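Just below is one structure, and these are the notes that go with it.
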Amino acid sequence: MKLKILTIFRFLQSIKSIFLINLHIILKKLFNKNFKVIFFYFPVKSYQDNILELIDVIKKEKNIEVILGYNLGSSNEVKNNEKAFFINLGYLKFIKQVDIFLSNYVVYDFPNAVNKIYINHDIYDTPMVDAEKEKNLIKTLNKCDYIFLSSEISIAALQKKIDYYSKNKIDDKQPLLINTGYLKLDHVYEKLKSNKLDEDSILLAPTLSSMLKDFNLDEYLDTIIKEILDNSDFKIIYRPHPGDKVNLEKSLIINSIHEKYRNNKNFNIDYNTSYLDSYERSKILITDFSGTAYTYAFSKLKPIIFFSKNENNLIKSNFNDLYFFKDRLKVGKIVQNIDNLNEEIYSVNKQIKFYSNQISLLRSERIKFFKNSIEQNILNLKNILNVEKQ
């Protein structure tokens, strides 16, 4: 009964938001023909401060107004912002006269917008989804007019997939892919550059447990944690993937790991939406193929240990063509079994300065608009809106 009441309440909230948003847009455009509306939708619970930072800058532009949409998952991060409205994803199609619709997560429903833009939230050409889901993902991305990406290698990888799934490469509509830099990297870099916390921990941050099960480290999570706690002097911070935290079955496993090690003073688990504290307190990251690897490396200039349980098959797969995997040894080491893990941790720890120099060089090569992503996003948004520079 309670669930039914909540469903009705959210429905009524969405209807109210649709009415208020449309009325606001109609009245504004009626009295100002130059008025432009950017509607930004937040479909999932995640760290949003880098996007909200961009929005604050957009709001300073003349004749441009930003309206925010959020749902139950993203409400805590968004609801207290100016002109933020609750609206469930399926109701977006009832929003009219939007000049730009923006989201930094893939959505499958769109409002009536002149321009639809997806801001890709990956720093590299990281595998996006499993192969069986890839076709539907590209089909959805093709509904966008523009996709903002972090780097030229990200553009090349996505364009290759779009071309692959295109039935008619000449006539099929395709989004324009634009390098705008990486908002998250610039934001994290600025937040961390004055870090005064002790870097005494190893950060363990795996990718989504259901993603590419033949290659991810999910089955070794407990073993990795135990190995580090039993045989090293480091503390460990386990940061579950956000997608696993909202999965009932996986959340039970995460909680069991927490219970198992909660009394160990060297173990911490990070449930926070923000990953900044975990970044600040750690000096090495362990992951499999999570995009956080290069965000971490490029923001902190600290090394990565890539745990690869099936490296031989990975090398033989199509994934080996991705720069995410090609560049691994430029930012850290690859470990293929638990027995070598602590040895490699100590080895990497002794070479922090060496890796810092290597990572800095790679960052300058891969991220063209480092520390300039907000400016690039604004520039491209204004070009799309045909708004002159002020």
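All residue names refer to the structure tokens as shown: chains lettered A, B, ... in order, residues numbered from 1 in each chain, ligands numbered from 1 in order.
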* Just list the residues in range 296-371 of chain A DSSP gives helix (DSSP H, G or I) on the backbone, as a ChimeraX atom specification. => /A:296-300,311-316,318-321,323-326,328-331,338-350,352-366
* Asked: Residues at most 9 Å from Glu344 in chain A, counting only C-alpha atoms, excluding those fewer than 6 positions away in the same chain, as a PyMOL selection string?
  -> chain A and resi 305+333-335
* To do: Mind checking which residues fall within 7 Å of range 290-304 of chain A, counting only C-alpha atoms, ignoring those fewer than 3 positions away in the same chain, and posting them as an MDAnalysis selection string?
  => chainID A and resid 122:124 126 185 188:189 206:207 283:287 331:333 352 355:356 359:360 363
* Structure fact -> Closest of A:Asp339, A:Asp109, A:Asp321, A:Glu190 to Tyr41 in chain A, counting only C-alpha atoms, is A:Asp109
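Minimum distance to Asn255 in chain A across A:Leu361, A:Val66, A:Leu158, A:Ile269 (counting only C-alpha atoms) occurs at A:Ile269.
The coordinates place CA of His121 in chain A at 9.5 Å from CA of Val106 in chain A.
Among the candidates A:Leu20, A:Leu314, A:Ile8, A:Leu183, the residue lying nearest to Glu53 in chain A is A:Leu183 (atoms considered: only C-alpha atoms).
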* To do: Fewer than 3 positions away in the same chain doesn't count, so skip those; otherwise give me all residues within 10 Å of range 116-120 of chain A, counting only C-alpha atoms, as a ChimeraX atom specification.
  => /A:38-40,51,98-107,110-113,123-124,141,143-150,154,175-178,180,182-183,377,381
For C-alpha atoms, I'd like the residues from the last selection saved as a tab-separated table (two decimals), in the first residue's frame.
```tsv
chain	number	residue	atom	x	y	z
A	38	ILE	CA	19.18	23.99	-21.55
A	39	PHE	CA	17.50	21.10	-19.76
A	40	PHE	CA	19.91	18.86	-17.85
A	51	ILE	CA	28.46	18.69	-13.68
A	98	VAL	CA	13.94	22.86	-25.06
A	99	ASP	CA	16.90	24.14	-27.06
A	100	ILE	CA	19.40	21.67	-25.61
A	101	PHE	CA	18.78	18.48	-23.66
A	102	LEU	CA	21.86	17.28	-21.76
A	103	SER	CA	22.68	14.18	-19.74
A	104	ASN	CA	25.97	12.65	-18.66
A	105	TYR	CA	24.41	9.18	-18.46
A	106	VAL	CA	22.71	7.39	-21.33
A	107	VAL	CA	18.93	7.87	-21.27
A	110	PHE	CA	14.11	12.39	-24.54
A	111	PRO	CA	12.13	15.63	-24.29
A	112	ASN	CA	11.09	17.61	-27.36
A	113	ALA	CA	14.50	19.27	-27.83
A	123	ILE	CA	37.90	9.32	-19.50
A	124	TYR	CA	39.21	6.64	-21.89
A	141	LEU	CA	23.38	7.18	-28.81
A	143	LYS	CA	19.39	9.57	-31.28
A	144	CYS	CA	21.70	12.27	-29.94
A	145	ASP	CA	22.84	15.17	-32.09
A	146	TYR	CA	26.15	15.63	-30.29
A	147	ILE	CA	28.30	13.60	-27.94
A	148	PHE	CA	30.93	15.37	-25.84
A	149	LEU	CA	33.95	13.16	-25.11
A	150	SER	CA	37.15	13.50	-23.11
A	154	SER	CA	37.50	8.13	-26.93
A	175	PRO	CA	25.85	12.24	-33.74
A	176	LEU	CA	28.74	14.67	-34.06
A	177	LEU	CA	31.51	13.62	-31.66
A	178	ILE	CA	33.38	16.53	-30.06
A	180	THR	CA	35.54	18.85	-24.88
A	182	TYR	CA	37.04	15.69	-19.14
A	183	LEU	CA	35.03	17.64	-16.58
A	377	ASN	CA	31.96	22.69	-22.95
A	381	LEU	CA	27.22	24.72	-26.17
```
* **All residues 6 Å or closer to range 235-245 of chain A, only C-alpha atoms, same chain fewer than 3 positions away omitted, as a count of residues only** => 14
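Distances from A:Asn320, A:Ser210, A:Asn142, A:Ser194 to Asp125 in chain A were compared using only C-alpha atoms, and the smallest one belongs to A:Asn320.
For the choices A:Asp198, A:Val246, A:Tyr323, A:Glu280, the atom-to-atom distance to Pro127 in chain A is smallest for A:Tyr323 when using only C-alpha atoms.
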